[in-house]
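*Asks:* entry_35.tsv (TSV, C-alpha atoms) pasted underneath:
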chain	number	residue	atom	x	y	z
A	1	MET	CA	27.76	21.93	8.10
A	2	LYS	CA	27.99	25.69	8.43
A	3	ASP	CA	27.21	28.35	5.87
A	4	ASN	CA	30.59	29.90	5.03
A	5	ALA	CA	29.14	33.40	5.22
A	6	ASN	CA	28.00	33.09	8.81
A	7	ASN	CA	27.70	30.80	11.81
A	8	LEU	CA	24.38	29.30	10.76
A	9	PRO	CA	23.94	25.74	9.50
A	10	VAL	CA	22.94	25.13	5.88
A	11	PHE	CA	19.17	24.87	6.13
A	12	GLU	CA	16.91	22.50	4.22
A	13	ASN	CA	13.84	23.71	2.32
A	14	ILE	CA	11.72	22.81	5.34
A	15	ASP	CA	13.79	23.05	8.50
A	16	ARG	CA	12.36	22.92	12.00
A	17	ARG	CA	15.61	24.14	13.53
A	18	ILE	CA	14.50	27.65	12.57
A	19	ARG	CA	12.47	29.60	15.14
A	20	TYR	CA	8.81	29.28	14.23
A	21	PHE	CA	6.69	32.28	13.25
A	22	GLU	CA	3.50	32.24	11.21
A	23	PHE	CA	3.22	34.41	8.11
A	24	ARG	CA	0.26	35.66	6.09
A	25	LEU	CA	1.26	37.00	2.71
A	26	GLN	CA	-1.15	38.67	0.31
A	27	ARG	CA	-1.32	39.91	-3.28
A	28	CYS	CA	-3.93	41.07	-5.79
A	29	LEU	CA	-4.81	38.61	-8.52
A	30	GLU	CA	-3.85	40.92	-11.36
A	31	ASP	CA	-0.73	40.54	-13.51
A	32	ILE	CA	-0.01	37.03	-12.23
A	33	PRO	CA	3.47	35.97	-13.36
A	34	GLU	CA	3.38	33.18	-15.96
A	35	TYR	CA	5.83	30.29	-16.00
A	36	GLU	CA	5.90	27.53	-18.59
A	37	LEU	CA	5.48	24.02	-17.26
A	38	PRO	CA	8.38	21.79	-18.35
A	39	VAL	CA	7.70	19.07	-20.91
A	40	GLY	CA	6.54	15.81	-19.34
A	41	TYR	CA	4.10	17.27	-16.80
A	42	HIS	CA	0.48	18.44	-16.74
A	43	PHE	CA	-2.19	19.51	-14.25
A	44	GLU	CA	-5.24	17.59	-13.11
A	45	PHE	CA	-8.04	18.48	-10.71
A	46	TYR	CA	-8.97	16.39	-7.68
A	47	GLN	CA	-11.05	13.29	-8.23
A	48	ASP	CA	-12.70	10.97	-5.70
A	49	GLY	CA	-10.08	8.75	-4.10
A	50	ASP	CA	-7.18	11.20	-4.44
A	51	ARG	CA	-6.78	11.79	-0.70
A	52	ASP	CA	-3.91	9.35	-0.25
A	53	ALA	CA	-2.02	10.78	-3.25
A	54	TRP	CA	-2.30	14.22	-1.61
A	55	ILE	CA	-1.03	12.83	1.70
A	56	GLU	CA	1.93	11.14	0.01
A	57	ILE	CA	2.98	14.37	-1.71
A	58	GLU	CA	2.76	16.38	1.51
A	59	ARG	CA	4.58	13.65	3.44
A	60	SER	CA	7.38	13.42	0.85
A	61	ALA	CA	7.81	17.21	0.98
A	62	LYS	CA	8.10	16.96	4.79
A	63	GLU	CA	5.00	19.06	5.36
A	64	LEU	CA	3.58	16.03	7.21
A	65	ARG	CA	5.35	13.54	9.47
A	66	ASN	CA	3.38	10.43	8.55
A	67	TYR	CA	0.21	9.04	6.98
A	68	GLU	CA	-1.80	9.28	10.20
A	69	GLN	CA	-1.11	12.99	10.52
A	70	GLY	CA	-2.07	13.34	6.86
A	71	VAL	CA	-5.50	11.84	7.49
A	72	GLU	CA	-5.99	14.18	10.45
A	73	VAL	CA	-4.99	17.25	8.42
A	74	TRP	CA	-7.13	16.20	5.46
A	75	GLU	CA	-10.18	15.86	7.69
A	76	ARG	CA	-9.51	19.22	9.31
A	77	TYR	CA	-9.17	21.21	6.09
A	78	TYR	CA	-10.92	19.21	3.39
A	79	GLY	CA	-12.97	16.40	4.88
A	80	ARG	CA	-16.26	18.30	5.06
A	81	ASN	CA	-15.65	20.14	1.80
A	82	GLU	CA	-14.63	17.40	-0.64
A	83	ALA	CA	-17.47	18.33	-3.01
A	84	GLU	CA	-15.74	21.71	-3.50
A	85	LEU	CA	-12.35	20.23	-4.39
A	86	TYR	CA	-13.18	19.26	-7.99
A	87	ASP	CA	-12.25	22.74	-9.22
A	88	ARG	CA	-10.00	23.80	-6.35
A	89	LEU	CA	-7.46	21.10	-5.47
A	90	ILE	CA	-4.91	20.73	-8.25
A	91	PHE	CA	-2.29	18.06	-8.82
A	92	LEU	CA	0.90	18.33	-10.81
A	93	VAL	CA	1.17	15.02	-12.66
A	94	THR	CA	3.88	13.34	-14.73
A	95	ASP	CA	2.86	12.17	-18.18
A	96	SER	CA	3.23	8.62	-16.84
A	97	GLY	CA	0.44	9.39	-14.35
A	98	GLU	CA	2.32	9.95	-11.06
A	99	LYS	CA	0.91	12.76	-8.92
A	100	ILE	CA	3.99	14.63	-7.71
A	101	GLY	CA	2.78	18.10	-6.66
A	102	THR	CA	-0.30	19.79	-5.28
A	103	ALA	CA	-1.81	23.12	-4.27
A	104	THR	CA	-5.35	24.29	-3.61
A	105	ALA	CA	-7.26	27.35	-4.76
A	106	TYR	CA	-9.06	27.59	-1.45
A	107	TYR	CA	-10.31	29.91	1.28
A	108	ASP	CA	-9.97	30.08	5.05
A	109	VAL	CA	-11.87	27.22	6.70
A	110	ILE	CA	-10.42	27.47	10.21
A	111	GLY	CA	-11.43	31.00	11.19
A	112	LYS	CA	-8.16	32.93	10.90
A	113	ASP	CA	-9.35	35.31	8.18
A	114	ASN	CA	-12.68	37.03	7.60
A	115	SER	CA	-11.66	39.01	4.51
A	116	GLY	CA	-13.30	36.67	2.00
A	117	ASP	CA	-10.05	36.48	0.05
A	118	GLY	CA	-8.92	33.31	-1.65
A	119	TRP	CA	-6.16	31.23	-0.07
A	120	LEU	CA	-3.28	29.48	-1.81
A	121	HIS	CA	-3.25	26.35	0.30
A	122	TRP	CA	-0.97	23.38	1.08
A	123	VAL	CA	1.60	23.87	-1.69
A	124	ALA	CA	4.01	20.93	-2.00
A	125	ILE	CA	6.12	18.98	-4.47
A	126	LYS	CA	7.57	15.54	-3.82
A	127	ARG	CA	11.13	15.78	-2.60
A	128	GLU	CA	12.71	14.00	-5.58
A	129	TYR	CA	11.03	16.43	-7.99
A	130	GLN	CA	12.07	19.62	-6.22
A	131	GLY	CA	14.54	21.91	-7.96
A	132	LEU	CA	13.22	21.09	-11.45
A	133	GLY	CA	11.44	24.37	-12.09
A	134	LEU	CA	7.98	23.01	-11.25
A	135	SER	CA	6.83	25.09	-8.28
A	136	LYS	CA	6.40	28.45	-10.02
A	137	PRO	CA	4.31	27.07	-12.92
A	138	MET	CA	2.11	25.27	-10.38
A	139	ILE	CA	1.66	28.35	-8.20
A	140	SER	CA	0.86	30.47	-11.25
A	141	TYR	CA	-1.74	27.92	-12.39
A	142	VAL	CA	-3.46	27.85	-9.00
A	143	LEU	CA	-3.48	31.65	-8.66
A	144	ASN	CA	-5.15	31.86	-12.05
A	145	GLN	CA	-7.70	29.32	-10.85
A	146	LEU	CA	-8.45	31.50	-7.82
A	147	LYS	CA	-9.04	34.37	-10.21
A	148	THR	CA	-11.34	32.17	-12.33
A	149	LEU	CA	-13.31	31.35	-9.17
A	150	GLY	CA	-13.99	35.06	-8.67
A	151	TYR	CA	-11.41	36.09	-6.08
A	152	THR	CA	-9.58	39.39	-6.48
A	153	LYS	CA	-6.95	38.83	-3.78
A	154	ALA	CA	-5.06	35.80	-2.50
A	155	ILE	CA	-3.51	35.00	0.87
A	156	ILE	CA	-0.85	32.37	1.48
A	157	PRO	CA	-0.41	31.11	5.06
A	158	THR	CA	3.17	30.02	5.61
A	159	GLN	CA	5.95	30.12	8.20
A	160	THR	CA	9.64	30.68	8.82
A	161	THR	CA	10.41	26.95	8.71
A	162	THR	CA	9.44	26.85	5.01
A	163	TRP	CA	11.72	29.75	4.21
A	164	VAL	CA	12.55	28.69	0.63
A	165	ALA	CA	8.85	28.63	-0.27
A	166	CYS	CA	8.49	32.06	1.36
A	167	LYS	CA	11.13	33.41	-1.01
A	168	ILE	CA	9.18	32.06	-3.99
A	169	TYR	CA	5.98	33.72	-2.75
A	170	LEU	CA	7.80	37.02	-2.37
A	171	ASP	CA	9.10	36.59	-5.94
A	172	PHE	CA	5.45	36.25	-7.00
A	173	GLY	CA	4.61	39.62	-5.47
A	174	PHE	CA	3.12	38.41	-2.21
A	175	ARG	CA	3.74	40.79	0.69
A	176	PRO	CA	3.08	40.62	4.46
A	177	THR	CA	-0.37	41.73	5.53
A	178	LYS	CA	-0.19	44.80	7.75
A	179	ASP	CA	-1.32	43.00	10.91
A	180	ASN	CA	0.97	40.04	10.34
A	181	ALA	CA	3.98	42.25	9.66
A	182	GLU	CA	3.54	43.60	13.17
A	183	GLU	CA	2.62	40.30	14.85
A	184	SER	CA	5.50	38.35	13.30
A	185	ARG	CA	8.10	41.09	12.92
A	186	ASP	CA	10.84	38.90	14.36
A	187	GLY	CA	9.84	36.16	11.93
A	188	TYR	CA	10.24	38.51	8.98
A	189	ARG	CA	13.59	39.59	10.37
A	190	ILE	CA	14.62	35.90	10.31
A	191	LEU	CA	13.34	35.58	6.75
A	192	LYS	CA	15.34	38.68	5.81
A	193	ARG	CA	18.44	37.09	7.36
A	194	LEU	CA	17.96	33.87	5.38
A	195	THR	CA	16.94	35.32	2.00
A	196	ASN	CA	17.92	39.00	1.93
A	197	HIS	CA	14.88	39.44	-0.30
A	198	PRO	CA	14.42	43.04	-1.52
A	199	ALA	CA	10.70	42.89	-0.66
A	200	LEU	CA	11.69	42.82	3.03
A	201	ALA	CA	13.58	46.11	2.97
A	202	GLU	CA	11.51	47.50	5.86
A	203	PHE	CA	12.84	44.78	8.20
A	204	ASP	CA	16.31	44.65	9.72
A	205	ALA	CA	17.95	41.25	9.42
A	206	ALA	CA	18.00	39.02	12.50
A	207	GLU	CA	21.29	38.16	14.14
A	208	ASP	CA	22.53	34.58	13.83
A	209	ASP	CA	21.59	33.70	17.40
A	210	GLU	CA	17.99	34.85	16.77
A	211	VAL	CA	17.41	32.40	13.92
A	212	LEU	CA	17.74	29.03	15.62
A	213	ARG	CA	15.25	27.61	18.10
Please, can you express the file's structure as structure tokens?

*Replies:*
Amino acid sequence: MKDNANNLPVFENIDRRIRYFEFRLQRCLEDIPEYELPVGYHFEFYQDGDRDAWIEIERSAKELRNYEQGVEVWERYYGRNEAELYDRLIFLVTDSGEKIGTATAYYDVIGKDNSGDGWLHWVAIKREYQGLGLSKPMISYVLNQLKTLGYTKAIIPTQTTTWVACKIYLDFGFRPTKDNAEESRDGYRILKRLTNHPALAEFDAAEDDEVLR
């Protein structure tokens, strides 16, 4: 299927047909937008044994290919730091007890950032619950938790292939870090082409043939 406005296909929320560029977006943790969580949902912090629930959410959202990759990713980012997750890793939960979304009020653990800023990490909602107005309340909640933990700025690592999430982060006031705006300029041009977000006014939009892998 083609988008009627151009020669591009209609992209999914996470779409690996898009040329891959890494993004680092940043904002101060003042004046965090507030969004009311719909009735029927609440937040819970990580408890021992929640690893597989986290993997299932990330797998459903297509952030992960399978359970085995989920275990690998968990060990890489969280395995040695599980004692810190009790007030950092947050689940969005239905009132019937199903964990259907997650995000972490975290920090860089893989050596990409030495700023000491907080990181909004591994944001995902199960596929069947997407589009219900849940992502912005969850992001707002986790940003406020970062602020509670003492951070004054937050970074979100993301990429062109999760372009819909990128638009949400821009709506929240996140902006490209200076270095990343230069390193991934063509990525931001692709994001401008896909979203036409006003926060990307400094970038010219990519041509159609620059968007696809």

*Asks:* I'd like the contact shell of A:Thr104 - 9 Å cut-off, all atoms listed in the file, skipping same-chain residues fewer than 5 positions apart - returned as a list in words.

*Replies:*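 Those residues are Leu85, Arg88, Leu89, Ile90, Phe91, Trp119, Leu120, His121, Trp122, Val123, Val142 and Leu146 of chain A.
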
*Asks:* Quick one: residues within 9 Å of A:Trp54, all atoms listed in the file, excluding same-chain residues fewer than 2 positions away - as a PDB file with C-alpha atoms, in the frame of the given file?

*Replies:*
ATOM      1  CA  ASP A  50      -7.180  11.200  -4.440  1.00  0.00           C
ATOM      2  CA  ARG A  51      -6.780  11.790  -0.700  1.00  0.00           C
ATOM      3  CA  ASP A  52      -3.910   9.350  -0.250  1.00  0.00           C
ATOM      4  CA  GLU A  56       1.930  11.140   0.010  1.00  0.00           C
ATOM      5  CA  ILE A  57       2.980  14.370  -1.710  1.00  0.00           C
ATOM      6  CA  GLU A  58       2.760  16.380   1.510  1.00  0.00           C
ATOM      7  CA  ARG A  59       4.580  13.650   3.440  1.00  0.00           C
ATOM      8  CA  GLY A  70      -2.070  13.340   6.860  1.00  0.00           C
ATOM      9  CA  TRP A  74      -7.130  16.200   5.460  1.00  0.00           C
ATOM     10  CA  PHE A  91      -2.290  18.060  -8.820  1.00  0.00           C
ATOM     11  CA  LYS A  99       0.910  12.760  -8.920  1.00  0.00           C
ATOM     12  CA  ILE A 100       3.990  14.630  -7.710  1.00  0.00           C
ATOM     13  CA  GLY A 101       2.780  18.100  -6.660  1.00  0.00           C
ATOM     14  CA  THR A 102      -0.300  19.790  -5.280  1.00  0.00           C
TER      15      THR A 102
END

*Asks:* List as a Markdown table every residue of stretch 13-104 of chain A that is in contact with stretch 186-191 of chain A, defined as an atom at most 12 Å from one of its atoms (using only C-alpha atoms), together with the nearest atom pair and the distance in Å rounded to one decimal, sorted by chain and then rising number.

*Replies:*
| residue | atom | partner | partner_atom | distance |
| --- | --- | --- | --- | --- |
| A:Ile18 | CA | A:Ile190 | CA | 8.6 |
| A:Arg19 | CA | A:Gly187 | CA | 7.8 |
| A:Tyr20 | CA | A:Gly187 | CA | 7.3 |
| A:Phe21 | CA | A:Gly187 | CA | 5.2 |
| A:Glu22 | CA | A:Gly187 | CA | 7.5 |
| A:Phe23 | CA | A:Gly187 | CA | 7.8 |
| A:Arg24 | CA | A:Tyr188 | CA | 10.8 |
| A:Leu25 | CA | A:Tyr188 | CA | 11.1 |

*Asks:* Between atom CA of A:Arg193 and atom CA of A:Leu8, what distance in Å does the model show, to one decimal?

*Replies:* 10.4 Å

*Asks:* Out of A:Tyr141, A:Phe174, A:Tyr151, A:Phe203, which residue has the shortest atom-to-atom distance to A:Phe43 when counting only C-alpha atoms?

*Replies:*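 Selected residue with least distance to A:Phe43: A:Tyr141.
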
*Asks:* Restricting the calculation to all atoms listed in the file: of A:Thr161, A:Glu202, A:Ala154, A:Tyr129, which residue gets closest to A:Glu182?

*Replies:*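 When distances to A:Glu182 are compared using all atoms listed in the file, the smallest one comes from A:Glu202.
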
*Asks:* From the list A:Thr160, A:Asn196, A:Ser184, A:Gln145, which residue is nearest A:Glu12 when using only C-alpha atoms?

*Replies:*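 With only C-alpha atoms as the atom set, the closest residue is A:Thr160.
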
*Asks:* Identify, on the basis of all atoms listed in the file, every residue whose closest approach to A:Asp113 does not exceed 12 Å; exclude the query and any residue fewer than 4 positions from it along the same chain; express the result as a list in words.

*Replies:*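 With the cut-off at 12 Å, the set is Arg24, Gln26, Tyr107, Asp108, Val109, Asp117, Gly118, Trp119, Ala154, Ile155, Ile156, Pro157, Thr177, Asp179 and Asn180 of chain A.
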
*Asks:* Please determine, counting only C-alpha atoms, which residue among A:Ile14, A:Cys28, A:Ala83, A:Ala103 has the shortest atom-to-atom distance to A:Glu44.

*Replies:* A:Ala103

*Asks:* Kindly give the distance, in Å, that separates atom CA of A:Gln69 and atom CA of A:Lys167, rounded to a single decimal.

*Replies:*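 About the pair atom CA of A:Gln69 and atom CA of A:Lys167: they are 26.5 Å apart.
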